[in-house]
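K.L.:
I'd like to ask some things about the structure below.
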Amino acid sequence: MLAKRGTPSWNPQTRRVIEERLAINPDEHRFLADAEWLTLKAVCARIVPQPPERARPAPIAAMIDRKLAANGSDGYRDTRLPPLREAWHRALRALDAEARALRSCPFRDLGCTDQDALLGSVQKGEAHDPSWGDMPPQLFFAKRLLHDALSAYYADPHAWNEIGFGGPASPRGYVRMNYDRRDPWEASEAHPGRGARALRENERVGRR
Amino acid sequence: MRDSATAIEAARRLALSAALLAGSVLTDSAIEHYRGSFRNRAMYTPLASAALAVGAGLLAMCDPRPAPHRGRSAVNTVAAAVGLAGLGFHIYNVTKRPGGVSWLNLFYAAPLGAPTALTFAGALGWSAEQLRAQPARGSARLFGMQAHQALAAISAAGLIGTAAEAALLHFRGAYHNPAMVLPVTAPPVGAALLAWSVCSPAPKPRGLARMWLKLTAFLGFAGAGFHAYGVSRNMGGWRNWRQNLLNGPPIPAPPAFTALALSGLAALLLRGDRS
Amino acid sequence: MSDGASASPRATNGCAPDVFRVGGWVPMRAHADDEEVDFAIVGTGAGGGTLACKLAEYGFSVVAFDAGAYWRPLEDFASDEHHQAKLYWTDERLVDGEDPLQLGSNNSGKSVGGSTVHFAMVSLRFRPEWFRARTALGYGADWPLDWREMWRYYAEVERALTISGPVRYPWGPKRPRYPYRPHELNAAALALAQGAEALGIAWAPTPLATLSAPRGHAHPCVYRGMCVIGCSTNAKQSVLVTWLPRALEAGAEIRDLAMVGKVEHDARGRVTGVHYQRQGQWRFQRARNVVVAGYAIETPRLLLNSASSRFPQGLGNSSGLVGRNLMVQSNQAVWGVMEREVRAYKGPPSLAISEHWNYCDEGKDFFGGYCYMSQGPLPVVWAGTQAKRGLWGHRLLDEMELYNHQVGLKIVGECLPQERNGVTLTDIKDQYGLPIPRITYSYCDNDRRLIRHALGFMRRSLEAVDAREIWDETDDTCHLNGTARMGDDPATSVVNADCRSWDVPNLWICDGSVFPTVGGVNPSLTIQAIACRTADRIKALAARAEL
C-alpha cells in the first residue's frame, strides 16, 4: 500500500494527509489523564487486537485522544449519551471500577480473557457499576467505543492492507471492475497455498 | 507485361493494407485482452495470428515475384479463421452477461467488429497472394468474381462495418466532440463511391472514389491522433497511462480505416482508369 | 491539519475559485452588505445553488450564503475517509426518538454545493402518481404540483447535470434520452442484475450524475469509488461544478464560510435581509427576498431561530409545521459473501438499480415504494456496518478480511410523513452562539412493513447469486425531507406550490424541506427540478409585479 505512494494512485493531498497520520505517535496522549490513557490503550487493544509483530501499530488510542482534545463531533449525539468528553471520561472510569470489583486491579492489569468478558458485559448492558451514571453502557459501547475505535483503525493504511482494500485512487482509479479481476496496481489476495505467489505479485504491484 | 506489373502492384498494395489492418488488430487486441486479463487462454491467439499476418504482409510488400507464396497464404487463411472464431467468442461474451444483447453490453462487452477486422486482414492478405499469378484487367478473378469487384466488395463491407463499430462506440461517448461524426459518415460514403465506380463504366465515379478513399485513409491516422488527444485529456493524462490507455479511446483502432481505404484504392487500380 | 478552504473564505474580493483549473479564479460580482439585493439565498446545495444560478441567469441580483467551505476538488480532495469528514455537517446536533437518526456523513453536507458534494449521484425521477399520493394511492399527502410540469423540469436538470443513464429506462412514462450513456457495471452491480433476472424483475444501470465521457473541462469518471467522500476528478456533477459556475458567470455572488443565523423582518412582516457570521464577525445583508435552502434540518432551525415578537412560533410558521413531518428514507441492506472476488469499492457505489417495487403495488402490505441498488462501501463505513452486528475483536478482524468478497443490496425506501417526527430547538449553543437542533424520529408500522418486505426480497436476490452468510443491516436511513412542506392550504403547509411562504410574501424555501411525501427514490433530482420551477415562477411573478 505505502509502496504506491509515488504512483498516480496517490495525489499530493492524499500524501500529505497520510504522512500526517503515519506521524502520529501511538504512545503520545494530550488530553486524557495517565490512568485513563492506559485504560483506553488496553480497551483499544481488545477491540482491535493488532498483530504483535506489526512494527508500527495503528495509533487507535492516540487518535481517540486527539478527537477528545479537539472535542470533535460526528454531527449527531444520541440524547441518552452525554457529550463526547464526558462520555469517555465516565466510561474509562467505570471500566476501571468494574475491573476492581472483579479482580481488585485496574482494567489494564486484567488478563485478556477477563478484559474481553468485561467488555462483553458492557456490550450486553450487563455492567452495573454506579460510575456509569445514567449513561447506558451498551449504548456507549455501540455508539461511542466501537464507532470511535473502528473509525480510527480503518483510517490506517495497515488496516487497508489487511482487508485488501485498493487504497487511495486519484488520479488513477480502476479499470477492471468485473468479478475476480485485479487491476495491475492492486494487491493480490494471499489465499492458503498461494501466499508466495501473492507476495511476488504484490512486490510488482508496489512498483506500478 | 503491363497487366502483370499492375497485378503485382495491386498485390503489394493489398499486402500493405493487410499488414496495416493486422497491425491495428494486433495492437488493439493486445491492449483489450490485457484489459481482460487474458482470462481465457484463447485470448492470446489473435495476438499471435495478427503478428504473423503483419509479418506476412510486410514480406509480401517487398516481394516482386509473380507467384503466390504458400506460407503467407496459409498465415492469412488462418488469420481469417481466427477472426471468425473470435467473433464467436465475442458474441458469446455479449450474450452471456445479464441483459444479453443490450446497449450496455454492446458498449462494454467484447466488441464484435474487432475480430471481424482480423478476418478482413486475412482475406486481403490471401487475395494479395492470389493476385500475383493473375493478369490484371478482365480475367483476374477472386472469390468467383472479377478481382476488382471482389476487392471493392471486401473494402466497402470493411469500411461500413468499421464505421458501424465507430458509430456504436462514439454513441457510447455521446458524440461529445463534433469530430466523432466523421468516422461514421465519411467511410460509408467512400464505400458507396467505391461500389458505384466498380459497377459503372463511366470514369467520373472512379475519380471521386479515389479522392474520397484518400480522404478516408487520412482520416484513419487523424483518428488515431484524436484518440491520443482523448487519452491525454482523461484524468491524470499520460502520467496515468496505465489506466487511460485501457479506459480511454483506442488509439490503434482508427488506422483500420486507412487500411480498408488503401485496399479500396488497390481495387480501383485493378479496375484501371482506361476503359 | 487545517485546510486552507476551512480556515478562511475563498470567495472574496470579487473572485471565486475556478473548480476546473488548479489554482484558477473566476471573477465574481461583489455586493455591499447595505446594497439591497433581489435575493439572499441561504445554502448553495441542490435547492439553493440551482436557484441561485437560474435567478442570476434571469437577471436578478443574487447573494448565496453557505456555512461550508469553497472546495477545489482537484486539489483539496484526498483519497481518505477520515480527512474528508471536512465535507460534512459535523457540528453537534441532538438525536432522539424511538429510532434516533445518524446525521453527519450519513446525510448532511457542509460545503459550497451542499450535500451534492458528497452525494452518491443517483438521479431518479418521481413516479408520477406520487405527486398525488393521497388521491391516487391513498396515503401521505398530495403535492400541489403536476407531474407533467415536473417532467419538463426533470429533463432540464438531467441536461444540466449531463446524467449518464441507460438508453431505455424500464420504468415510468417516456422521458428524453439521458444526455450521456450509462457506466459499465462493476461486480457488485452485476450481482444485482443477475439476482434481478433470476427473480424475473427488471433492472437497469443507475442514472448517475457522473460523466461517462468528457464534458467541458471535467474528466470522465475514473471509477475510484470514493464518490461519497468527494470526487477529486470533477466527473461528479455536483452543484459545485455545474450550477454554481453558471451562477457566477451570470453575476451571482457566493459567500463561503458564511453562517446565516437569523432572517430579519420589518414591522410590516416582510423579511429585510439576513444576519450572517463570516470571519468571526456578525454582518447583515439587505435583501428584497430571502430564500432559505439549508436542507431539512438547518432550514427549520433558521426559521425557528428567527422567531420574534411578531412571529413567536418562528418565521413563516403560522401552520405550526415548520420542523414537523421530518421524513428520512429507509436505507436498510442485505449483505452476503461470495466465493468470487467482488471488490465492490471499485466504481461508483450504486451502479445498478431496480425500481420494480416503486411501480408494482401487487402483494404489498404497505403504502409507498422502494428502489434498491448495489453497494460498494469504503473501509471505515464498512467497519461501522459490521460493528452494527455487534462484532469486535478477532471476530471483527476475521469478518473484515472478507472485504473483497462482500456483496450487498440497499434500499431507498419511502417513509411516511408523521407530525411527531421533526426538528426543535434546544438550549445548547453552538460555536456561532446559535441554539442547536434536536431531531426526533420514529418509524411507523407502515415503514417497518416496507422494510420487512424489502429485506426479504433482497435476501432472495442474493441467494439467487449464491451469496452465503447473508445478514440484514437494519439500522440505517438516508436523506432528510419534509420540515417545511408545500401544499395548497396555509393551515396544513408552510409554503405554496411556488415555494413561497404563506405568511411572509418575500420569504421562500427551496430545498428538500418542502416535500410533502418523500417517494422511493433519492431526492436530489426532484429538489433541483423544484428549484428550476421556482425560478420560472419567480420570473413570471416579477413580470406581473407580484413579487
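We name chains A, B, ... following the order of the C-alpha cells; residues begin at 1 in each chain, and ligands are numbered from 1 as shown.
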Which residues of chain A come within 8 Å of chain C, and what is each one's closest atom pair and distance in Å (one decimal), counting only C-alpha atoms, sorted by chain and residue number, as CSV?
P.N.:
```
residue,atom,partner,partner_atom,distance
A:Trp10,CA,C:Ser79,CA,7.6
A:Asn11,CA,C:Ala78,CA,7.2
A:Pro12,CA,C:Glu75,CA,7.9
A:Gln13,CA,C:Ala78,CA,5.3
A:Thr14,CA,C:Ala78,CA,4.4
A:Val17,CA,C:His83,CA,7.0
A:Arg46,CA,C:Gly393,CA,5.9
A:Ile47,CA,C:Gly393,CA,4.6
A:Val48,CA,C:Gly393,CA,5.1
A:Pro49,CA,C:Gly393,CA,6.0
A:Ser73,CA,C:Thr90,CA,5.6
A:Asp74,CA,C:Thr90,CA,4.9
A:Gly75,CA,C:Thr90,CA,3.6
A:Tyr76,CA,C:Arg93,CA,4.6
A:Arg77,CA,C:Leu94,CA,4.9
A:Asp78,CA,C:Val95,CA,4.9
A:Thr79,CA,C:Asp96,CA,5.8
A:Arg80,CA,C:Asp96,CA,7.9
A:Ala142,CA,C:Lys388,CA,7.4
A:Leu146,CA,C:Ala387,CA,6.6
A:His147,CA,C:Gly384,CA,6.4
A:Leu150,CA,C:Ala383,CA,6.3
A:Ser151,CA,C:Val380,CA,5.4
A:Tyr154,CA,C:Val380,CA,5.2
A:Ala155,CA,C:His82,CA,6.1
A:Trp160,CA,C:Pro379,CA,7.2
A:Glu162,CA,C:Glu401,CA,6.7
A:Ile163,CA,C:Glu401,CA,4.5
A:Gly164,CA,C:Asn404,CA,6.7
A:Phe165,CA,C:Asn404,CA,7.3
A:Gly167,CA,C:Ser79,CA,7.7
A:Pro168,CA,C:Ser79,CA,4.7
A:Ala169,CA,C:Arg224,CA,5.5
A:Ser170,CA,C:Ser79,CA,6.8
A:Pro171,CA,C:Thr233,CA,7.1
A:Arg172,CA,C:Val222,CA,6.8
A:Gly173,CA,C:Arg224,CA,4.1
A:Tyr174,CA,C:Tyr223,CA,5.4
A:Val175,CA,C:Tyr223,CA,7.3
A:Met177,CA,C:Asn186,CA,4.6
A:Asn178,CA,C:Ala187,CA,4.7
A:Tyr179,CA,C:Ala187,CA,5.0
A:Asp180,CA,C:Glu341,CA,4.6
A:Arg181,CA,C:Glu341,CA,7.4
```
K.L.:
Using N, CA and C atoms, can you export the residues from the last selection as a tab-separated table (two decimals), in the first residue's frame?
P.N.:
```tsv
chain	number	residue	atom	x	y	z
A	10	TRP	N	-1.88	7.99	-5.84
A	10	TRP	CA	-1.89	8.93	-4.71
A	10	TRP	C	-1.72	10.34	-5.26
A	11	ASN	N	-2.57	11.26	-4.82
A	11	ASN	CA	-2.35	12.65	-5.22
A	11	ASN	C	-1.67	13.39	-4.06
A	12	PRO	N	-1.18	14.61	-4.31
A	12	PRO	CA	-0.41	15.31	-3.27
A	12	PRO	C	-1.17	15.48	-1.96
A	13	GLN	N	-2.48	15.78	-2.07
A	13	GLN	CA	-3.27	15.98	-0.86
A	13	GLN	C	-3.31	14.68	-0.05
A	14	THR	N	-3.47	13.56	-0.74
A	14	THR	CA	-3.51	12.28	-0.04
A	14	THR	C	-2.18	12.00	0.65
A	17	VAL	N	-1.95	14.07	3.79
A	17	VAL	CA	-2.85	13.60	4.84
A	17	VAL	C	-2.34	12.30	5.48
A	46	ARG	N	-8.08	-4.62	22.87
A	46	ARG	CA	-9.03	-5.73	22.82
A	46	ARG	C	-10.04	-5.56	21.69
A	47	ILE	N	-10.46	-4.33	21.47
A	47	ILE	CA	-11.45	-4.09	20.40
A	47	ILE	C	-10.81	-4.42	19.05
A	48	VAL	N	-9.57	-3.99	18.87
A	48	VAL	CA	-8.85	-4.29	17.63
A	48	VAL	C	-7.50	-4.91	18.01
A	49	PRO	N	-7.47	-6.24	18.16
A	49	PRO	CA	-6.19	-6.88	18.52
A	49	PRO	C	-5.25	-6.87	17.33
A	73	SER	N	-16.68	16.21	16.74
A	73	SER	CA	-18.05	15.69	16.72
A	73	SER	C	-18.30	15.00	15.39
A	74	ASP	N	-19.21	14.02	15.39
A	74	ASP	CA	-19.60	13.38	14.14
A	74	ASP	C	-20.83	14.05	13.54
A	75	GLY	N	-21.39	15.00	14.28
A	75	GLY	CA	-22.55	15.72	13.77
A	75	GLY	C	-23.86	15.27	14.36
A	76	TYR	N	-23.82	14.38	15.32
A	76	TYR	CA	-25.07	13.96	15.96
A	76	TYR	C	-24.72	13.26	17.26
A	77	ARG	N	-25.55	13.43	18.26
A	77	ARG	CA	-25.34	12.74	19.54
A	77	ARG	C	-26.69	12.26	20.05
A	78	ASP	N	-26.73	10.98	20.35
A	78	ASP	CA	-27.92	10.40	20.96
A	78	ASP	C	-28.13	11.08	22.31
A	79	THR	N	-29.33	11.53	22.60
A	79	THR	CA	-29.56	12.29	23.85
A	79	THR	C	-29.37	11.43	25.09
A	80	ARG	N	-29.35	10.13	24.90
A	80	ARG	CA	-29.14	9.26	26.06
A	80	ARG	C	-27.67	9.22	26.46
A	142	ALA	N	-21.74	0.67	21.73
A	142	ALA	CA	-22.08	0.62	20.32
A	142	ALA	C	-21.78	1.94	19.62
A	146	LEU	N	-17.13	1.50	19.87
A	146	LEU	CA	-16.90	0.83	18.58
A	146	LEU	C	-16.74	1.85	17.47
A	147	HIS	N	-17.61	2.84	17.47
A	147	HIS	CA	-17.57	3.84	16.41
A	147	HIS	C	-16.22	4.53	16.37
A	150	LEU	N	-13.11	1.91	15.69
A	150	LEU	CA	-13.04	1.36	14.34
A	150	LEU	C	-12.81	2.45	13.29
A	151	SER	N	-13.39	3.64	13.49
A	151	SER	CA	-13.10	4.73	12.55
A	151	SER	C	-11.62	5.06	12.57
A	154	TYR	N	-9.58	1.82	10.86
A	154	TYR	CA	-9.69	1.66	9.42
A	154	TYR	C	-9.36	2.92	8.64
A	155	ALA	N	-8.81	3.92	9.36
A	155	ALA	CA	-8.22	5.08	8.68
A	155	ALA	C	-6.73	4.87	8.49
A	160	TRP	N	-5.96	-1.06	5.78
A	160	TRP	CA	-6.38	-1.22	4.38
A	160	TRP	C	-5.68	-2.43	3.76
A	162	GLU	N	-4.64	-5.02	5.31
A	162	GLU	CA	-5.17	-6.23	5.96
A	162	GLU	C	-6.43	-6.74	5.27
A	163	ILE	N	-7.28	-5.80	4.85
A	163	ILE	CA	-8.55	-6.22	4.26
A	163	ILE	C	-8.49	-6.28	2.74
A	164	GLY	N	-7.36	-5.88	2.16
A	164	GLY	CA	-7.22	-5.95	0.71
A	164	GLY	C	-7.87	-4.79	-0.03
A	165	PHE	N	-8.09	-3.69	0.69
A	165	PHE	CA	-8.66	-2.51	0.04
A	165	PHE	C	-7.64	-1.94	-0.94
A	167	GLY	N	-7.01	1.03	-1.67
A	167	GLY	CA	-6.30	2.19	-1.17
A	167	GLY	C	-6.62	3.46	-1.94
A	168	PRO	N	-5.79	4.51	-1.71
A	168	PRO	CA	-6.01	5.77	-2.41
A	168	PRO	C	-6.07	5.57	-3.91
A	169	ALA	N	-6.89	6.36	-4.56
A	169	ALA	CA	-7.09	6.16	-6.00
A	169	ALA	C	-7.43	7.47	-6.68
A	170	SER	N	-6.46	8.34	-6.76
A	170	SER	CA	-6.66	9.56	-7.54
A	170	SER	C	-5.30	10.11	-7.89
A	171	PRO	N	-5.01	10.51	-9.12
A	171	PRO	CA	-5.90	10.49	-10.27
A	171	PRO	C	-6.18	9.11	-10.86
A	172	ARG	N	-5.38	8.11	-10.50
A	172	ARG	CA	-5.61	6.82	-11.15
A	172	ARG	C	-6.67	6.04	-10.36
A	173	GLY	N	-7.74	5.66	-11.03
A	173	GLY	CA	-8.80	4.88	-10.40
A	173	GLY	C	-8.65	3.43	-10.78
A	174	TYR	N	-9.70	2.84	-11.30
A	174	TYR	CA	-9.68	1.41	-11.64
A	174	TYR	C	-10.22	1.17	-13.04
A	175	VAL	N	-9.74	0.09	-13.64
A	175	VAL	CA	-10.19	-0.29	-14.98
A	175	VAL	C	-11.02	-1.56	-14.93
A	177	MET	N	-13.41	-3.97	-13.42
A	177	MET	CA	-14.38	-3.95	-12.33
A	177	MET	C	-15.19	-5.23	-12.23
A	178	ASN	N	-14.91	-6.20	-13.10
A	178	ASN	CA	-15.69	-7.43	-13.10
A	178	ASN	C	-15.25	-8.33	-11.95
A	179	TYR	N	-15.97	-9.45	-11.76
A	179	TYR	CA	-15.61	-10.42	-10.73
A	179	TYR	C	-14.18	-10.92	-10.95
A	180	ASP	N	-13.51	-11.23	-9.85
A	180	ASP	CA	-12.20	-11.89	-9.91
A	180	ASP	C	-11.20	-11.17	-10.79
A	181	ARG	N	-11.31	-9.87	-10.85
A	181	ARG	CA	-10.34	-9.12	-11.64
A	181	ARG	C	-9.60	-8.16	-10.72
```
K.L.:
Write out as a list in words the residues lying within 9 Å of Leu118 in chain B, counting only C-alpha atoms and excluding same-chain residues fewer than 6 positions away.
P.N.:
Leu21, Ala22, Val25, Leu26, Pro46, Ser49, Ala50, Ala79, Ala80, Ala81, Val82, Gly83, Leu84 and Gly86 of chain B
K.L.:
Write out, as a short mmCIF file (atom, residue, chain, number, x, y, z; two decimals), in the first residue's frame, the residues just selected, with N, CA and C atoms.
P.N.:
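Wrote out-v9.cif, looks like this:
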```
data_model
loop_
_atom_site.label_atom_id
_atom_site.label_comp_id
_atom_site.auth_asym_id
_atom_site.auth_seq_id
_atom_site.Cartn_x
_atom_site.Cartn_y
_atom_site.Cartn_z
N LEU B 21 -3.94 -3.42 -41.41
CA LEU B 21 -5.13 -3.86 -40.69
C LEU B 21 -4.77 -4.86 -39.61
N ALA B 22 -3.89 -5.81 -39.96
CA ALA B 22 -3.47 -6.79 -38.95
C ALA B 22 -2.70 -6.11 -37.82
N VAL B 25 -5.21 -4.62 -35.54
CA VAL B 25 -5.83 -5.66 -34.72
C VAL B 25 -4.85 -6.14 -33.65
N LEU B 26 -3.59 -6.31 -34.02
CA LEU B 26 -2.59 -6.81 -33.06
C LEU B 26 -2.51 -5.88 -31.86
N PRO B 46 -5.37 -14.37 -31.10
CA PRO B 46 -5.39 -13.31 -32.12
C PRO B 46 -4.12 -12.49 -32.12
N SER B 49 -1.74 -14.67 -34.19
CA SER B 49 -2.16 -14.73 -35.58
C SER B 49 -1.99 -13.39 -36.27
N ALA B 50 -2.35 -12.31 -35.61
CA ALA B 50 -2.21 -10.99 -36.22
C ALA B 50 -0.74 -10.64 -36.41
N ALA B 79 -5.48 -16.53 -40.24
CA ALA B 79 -5.92 -15.26 -39.61
C ALA B 79 -7.42 -15.07 -39.82
N ALA B 80 -7.89 -15.36 -41.05
CA ALA B 80 -9.32 -15.20 -41.33
C ALA B 80 -10.14 -16.11 -40.43
N ALA B 81 -9.63 -17.35 -40.26
CA ALA B 81 -10.37 -18.31 -39.41
C ALA B 81 -10.34 -17.88 -37.95
N VAL B 82 -9.19 -17.42 -37.49
CA VAL B 82 -9.07 -16.96 -36.09
C VAL B 82 -10.03 -15.81 -35.84
N GLY B 83 -10.14 -14.94 -36.83
CA GLY B 83 -11.08 -13.81 -36.69
C GLY B 83 -12.50 -14.29 -36.52
N LEU B 84 -12.89 -15.28 -37.30
CA LEU B 84 -14.26 -15.79 -37.20
C LEU B 84 -14.48 -16.46 -35.85
N GLY B 86 -12.94 -15.72 -33.18
CA GLY B 86 -13.01 -14.61 -32.22
C GLY B 86 -14.37 -13.97 -32.20
#
```
K.L.:
For the contact check between chain C and chain B, emit one row per residue of chain C within 6 Å, containing the shortest atom pair and the distance in Å rounded to one decimal, counting only C-alpha atoms, chain then rising number order, as a tab-separated table.
P.N.:
```
residue	atom	partner	partner_atom	distance
C:Tyr180	CA	B:Ala174	CA	5.5
C:Arg181	CA	B:Arg172	CA	5.6
C:Gln194	CA	B:Pro98	CA	5.9
C:Ala213	CA	B:Gly173	CA	5.3
C:His219	CA	B:Asn234	CA	5.5
```
K.L.:
Write out as a ChimeraX atom specification which residues come within 9 Å of range 500-507 of chain C when counting only C-alpha atoms, dropping same-chain ones fewer than 2 positions away.
P.N.:
/C:269-272,288-292,315-318,486,489-490,493-498,509-510,534,547
K.L.:
Give me the residues near Asp65 in chain A as a count of residues only, where near means some atom within 7 Å (using only C-alpha atoms) and where sequence neighbours in that chain fewer than 3 positions away do not count.
P.N.:
8
K.L.:
Have a look at B:Lys204, B:Lys214, B:Arg13, B:Arg35 and name the one nearest to chain A; count only C-alpha atoms.
P.N.:
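Looking only at the distances to chain A, the closest residue turns out to be B:Arg35.
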K.L.:
Restricting the calculation to only C-alpha atoms: of A:Pro26, A:Val205, A:Phe107, A:Arg182, which residue gets closest to chain B?
P.N.:
A:Arg182
K.L.:
Excluding Ala352 in chain C and residues on its chain fewer than 5 positions from it, collect all residues at most 8 Å away from it, counting only C-alpha atoms, and give them as a compact mmCIF listing (two decimals) with N, CA and C atoms, in the first residue's frame.
P.N.:
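Saved the output as out-v4.txt:
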```
# COMPACT_ATOMS: atom_id res chain seq x y z
N LEU C 185 -20.88 -1.76 -15.52
CA LEU C 185 -21.22 -2.31 -14.21
C LEU C 185 -20.00 -2.93 -13.55
N ALA C 189 -22.62 -4.61 -9.02
CA ALA C 189 -23.80 -4.29 -9.83
C ALA C 189 -24.23 -5.50 -10.66
N LEU C 190 -23.26 -6.27 -11.15
CA LEU C 190 -23.60 -7.48 -11.89
C LEU C 190 -24.38 -8.43 -10.99
N LEU C 192 -26.42 -7.61 -8.62
CA LEU C 192 -27.80 -7.14 -8.57
C LEU C 192 -28.53 -7.55 -9.84
N ALA C 193 -27.87 -7.35 -10.99
CA ALA C 193 -28.51 -7.67 -12.26
C ALA C 193 -28.83 -9.15 -12.37
N TRP C 203 -34.19 -4.59 -14.18
CA TRP C 203 -33.13 -3.84 -13.52
C TRP C 203 -32.56 -2.90 -14.58
N ALA C 204 -31.73 -1.96 -14.15
CA ALA C 204 -31.13 -1.04 -15.13
C ALA C 204 -29.83 -0.50 -14.56
N PRO C 205 -28.91 -0.08 -15.43
CA PRO C 205 -27.78 0.69 -14.91
C PRO C 205 -28.33 2.00 -14.34
N THR C 206 -27.85 2.40 -13.16
CA THR C 206 -28.41 3.56 -12.48
C THR C 206 -28.09 4.85 -13.22
N MET C 373 -30.37 -0.80 -4.72
CA MET C 373 -29.17 -0.61 -5.53
C MET C 373 -28.01 -1.44 -5.00
N SER C 374 -27.04 -1.68 -5.88
CA SER C 374 -25.81 -2.35 -5.45
C SER C 374 -24.99 -1.38 -4.60
```
K.L.:
Restricting the calculation to only C-alpha atoms, which member of A:Lys41, A:Arg204, A:Arg176, A:Arg144 is positioned closest to chain B?
P.N.:
A:Arg176
K.L.:
Taking into account only C-alpha atoms, which residue in the set A:Gln123, A:Gln50, A:Ser188, A:Ser104 is nearest to Leu139 in chain A?
P.N.:
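Using only C-alpha atoms, Leu139 in chain A sits closest to A:Gln123.
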K.L.:
Any idea what the distance is between CA of Val42 in chain C and CA of Ala287 in chain C?
P.N.:
11.7 Å
K.L.:
Applying 9 Å and only C-alpha atoms, which residues near Ala187 in chain A remain after dropping the ones on its own chain fewer than 4 positions away? List them as a ChimeraX atom specification.
P.N.:
/A:1,161,164-166,182-183,198-199,201-203,205-206
K.L.:
Restrict the selected residues to N, CA and C atoms and save them as an mmCIF file, in the first residue's frame.
P.N.:
```
data_model
loop_
_atom_site.group_PDB
_atom_site.id
_atom_site.type_symbol
_atom_site.label_atom_id
_atom_site.label_comp_id
_atom_site.auth_asym_id
_atom_site.auth_seq_id
_atom_site.Cartn_x
_atom_site.Cartn_y
_atom_site.Cartn_z
ATOM 1 N N MET A 1 0.834 -1.194 0.000
ATOM 2 C CA MET A 1 0.000 0.000 0.000
ATOM 3 C C MET A 1 0.868 1.243 0.000
ATOM 4 N N ASN A 161 -4.389 -2.582 4.044
ATOM 5 C CA ASN A 161 -3.647 -3.751 3.541
ATOM 6 C C ASN A 161 -4.285 -5.037 4.028
ATOM 7 N N GLY A 164 -7.358 -5.875 2.157
ATOM 8 C CA GLY A 164 -7.222 -5.947 0.708
ATOM 9 C C GLY A 164 -7.865 -4.790 -0.029
ATOM 10 N N PHE A 165 -8.090 -3.688 0.686
ATOM 11 C CA PHE A 165 -8.655 -2.510 0.043
ATOM 12 C C PHE A 165 -7.644 -1.938 -0.944
ATOM 13 N N GLY A 166 -8.138 -1.461 -2.086
ATOM 14 C CA GLY A 166 -7.251 -0.920 -3.102
ATOM 15 C C GLY A 166 -6.505 0.333 -2.685
ATOM 16 N N ARG A 182 -8.303 -8.098 -10.920
ATOM 17 C CA ARG A 182 -7.499 -7.138 -10.186
ATOM 18 C C ARG A 182 -6.898 -6.195 -11.195
ATOM 19 N N ASP A 183 -6.793 -4.919 -10.850
ATOM 20 C CA ASP A 183 -6.019 -4.036 -11.702
ATOM 21 C C ASP A 183 -4.545 -4.291 -11.416
ATOM 22 N N ALA A 198 1.412 -14.629 -4.205
ATOM 23 C CA ALA A 198 0.790 -13.334 -3.930
ATOM 24 C C ALA A 198 1.851 -12.320 -3.531
ATOM 25 N N LEU A 199 2.802 -12.768 -2.735
ATOM 26 C CA LEU A 199 3.861 -11.869 -2.284
ATOM 27 C C LEU A 199 4.657 -11.344 -3.465
ATOM 28 N N GLU A 201 3.666 -11.157 -6.627
ATOM 29 C CA GLU A 201 2.819 -10.265 -7.413
ATOM 30 C C GLU A 201 2.715 -8.911 -6.756
ATOM 31 N N ASN A 202 2.601 -8.927 -5.427
ATOM 32 C CA ASN A 202 2.407 -7.669 -4.738
ATOM 33 C C ASN A 202 3.663 -6.814 -4.734
ATOM 34 N N GLU A 203 4.815 -7.453 -4.803
ATOM 35 C CA GLU A 203 6.033 -6.645 -4.917
ATOM 36 C C GLU A 203 6.047 -5.904 -6.244
ATOM 37 N N VAL A 205 3.359 -5.041 -7.879
ATOM 38 C CA VAL A 205 2.288 -4.050 -7.786
ATOM 39 C C VAL A 205 2.818 -2.759 -7.192
ATOM 40 N N GLY A 206 3.641 -2.891 -6.153
ATOM 41 C CA GLY A 206 4.126 -1.696 -5.465
ATOM 42 C C GLY A 206 4.912 -0.772 -6.375
#
```
K.L.:
Within 10 Å of Leu304 in chain C, counting only C-alpha atoms, which residues qualify if same-chain residues fewer than 6 places away don't, as a list of chain:residue names?
P.N.:
C:Lys262, C:Val263, C:Glu298, C:Phe311, C:Pro312, C:Gln313, C:Gly314, C:Leu315, C:Gly316, C:Asn317, C:Val322, C:Gly323, C:Val423, C:Thr424, C:Leu425, C:Pro435, C:Pro437
K.L.:
Could you turn the residues from that selection into a file that holds N, CA and C atoms, as a compact mmCIF listing (two decimals), in the first residue's frame?
P.N.:
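Final file, part03.txt:
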```
# COMPACT_ATOMS: atom_id res chain seq x y z
N LYS C 262 -29.85 34.35 11.40
CA LYS C 262 -31.21 34.85 11.60
C LYS C 262 -31.67 35.58 10.35
N VAL C 263 -32.97 35.40 10.07
CA VAL C 263 -33.59 36.15 8.99
C VAL C 263 -34.34 37.32 9.63
N GLU C 298 -31.35 22.42 8.85
CA GLU C 298 -30.96 23.83 9.05
C GLU C 298 -32.05 24.79 8.63
N PHE C 311 -43.51 37.09 15.31
CA PHE C 311 -43.60 35.68 14.90
C PHE C 311 -43.04 34.80 16.02
N PRO C 312 -43.77 34.69 17.13
CA PRO C 312 -43.21 33.96 18.28
C PRO C 312 -42.96 32.48 18.02
N GLN C 313 -43.70 31.91 17.07
CA GLN C 313 -43.53 30.47 16.78
C GLN C 313 -42.40 30.20 15.80
N GLY C 314 -41.81 31.29 15.31
CA GLY C 314 -40.80 31.12 14.27
C GLY C 314 -41.31 31.77 13.00
N LEU C 315 -40.39 32.12 12.10
CA LEU C 315 -40.74 32.83 10.88
C LEU C 315 -41.52 31.90 9.95
N GLY C 316 -42.65 32.41 9.43
CA GLY C 316 -43.40 31.64 8.44
C GLY C 316 -44.09 30.41 9.02
N ASN C 317 -44.35 30.42 10.33
CA ASN C 317 -44.82 29.20 10.98
C ASN C 317 -46.24 29.28 11.51
N VAL C 322 -43.45 24.17 10.71
CA VAL C 322 -42.01 24.33 10.46
C VAL C 322 -41.27 23.39 11.38
N GLY C 323 -40.51 22.50 10.83
CA GLY C 323 -39.78 21.50 11.62
C GLY C 323 -40.54 20.20 11.77
N VAL C 423 -37.84 18.63 13.91
CA VAL C 423 -36.70 19.42 14.37
C VAL C 423 -37.20 20.47 15.36
N THR C 424 -36.61 20.49 16.55
CA THR C 424 -36.93 21.53 17.53
C THR C 424 -35.62 22.15 18.00
N LEU C 425 -35.74 23.25 18.73
CA LEU C 425 -34.52 23.90 19.22
C LEU C 425 -34.22 23.45 20.64
N PRO C 435 -28.73 28.37 19.03
CA PRO C 435 -29.26 27.14 19.61
C PRO C 435 -29.16 25.98 18.63
N PRO C 437 -30.12 22.17 17.12
CA PRO C 437 -31.40 21.49 16.97
C PRO C 437 -31.41 20.10 17.63
```
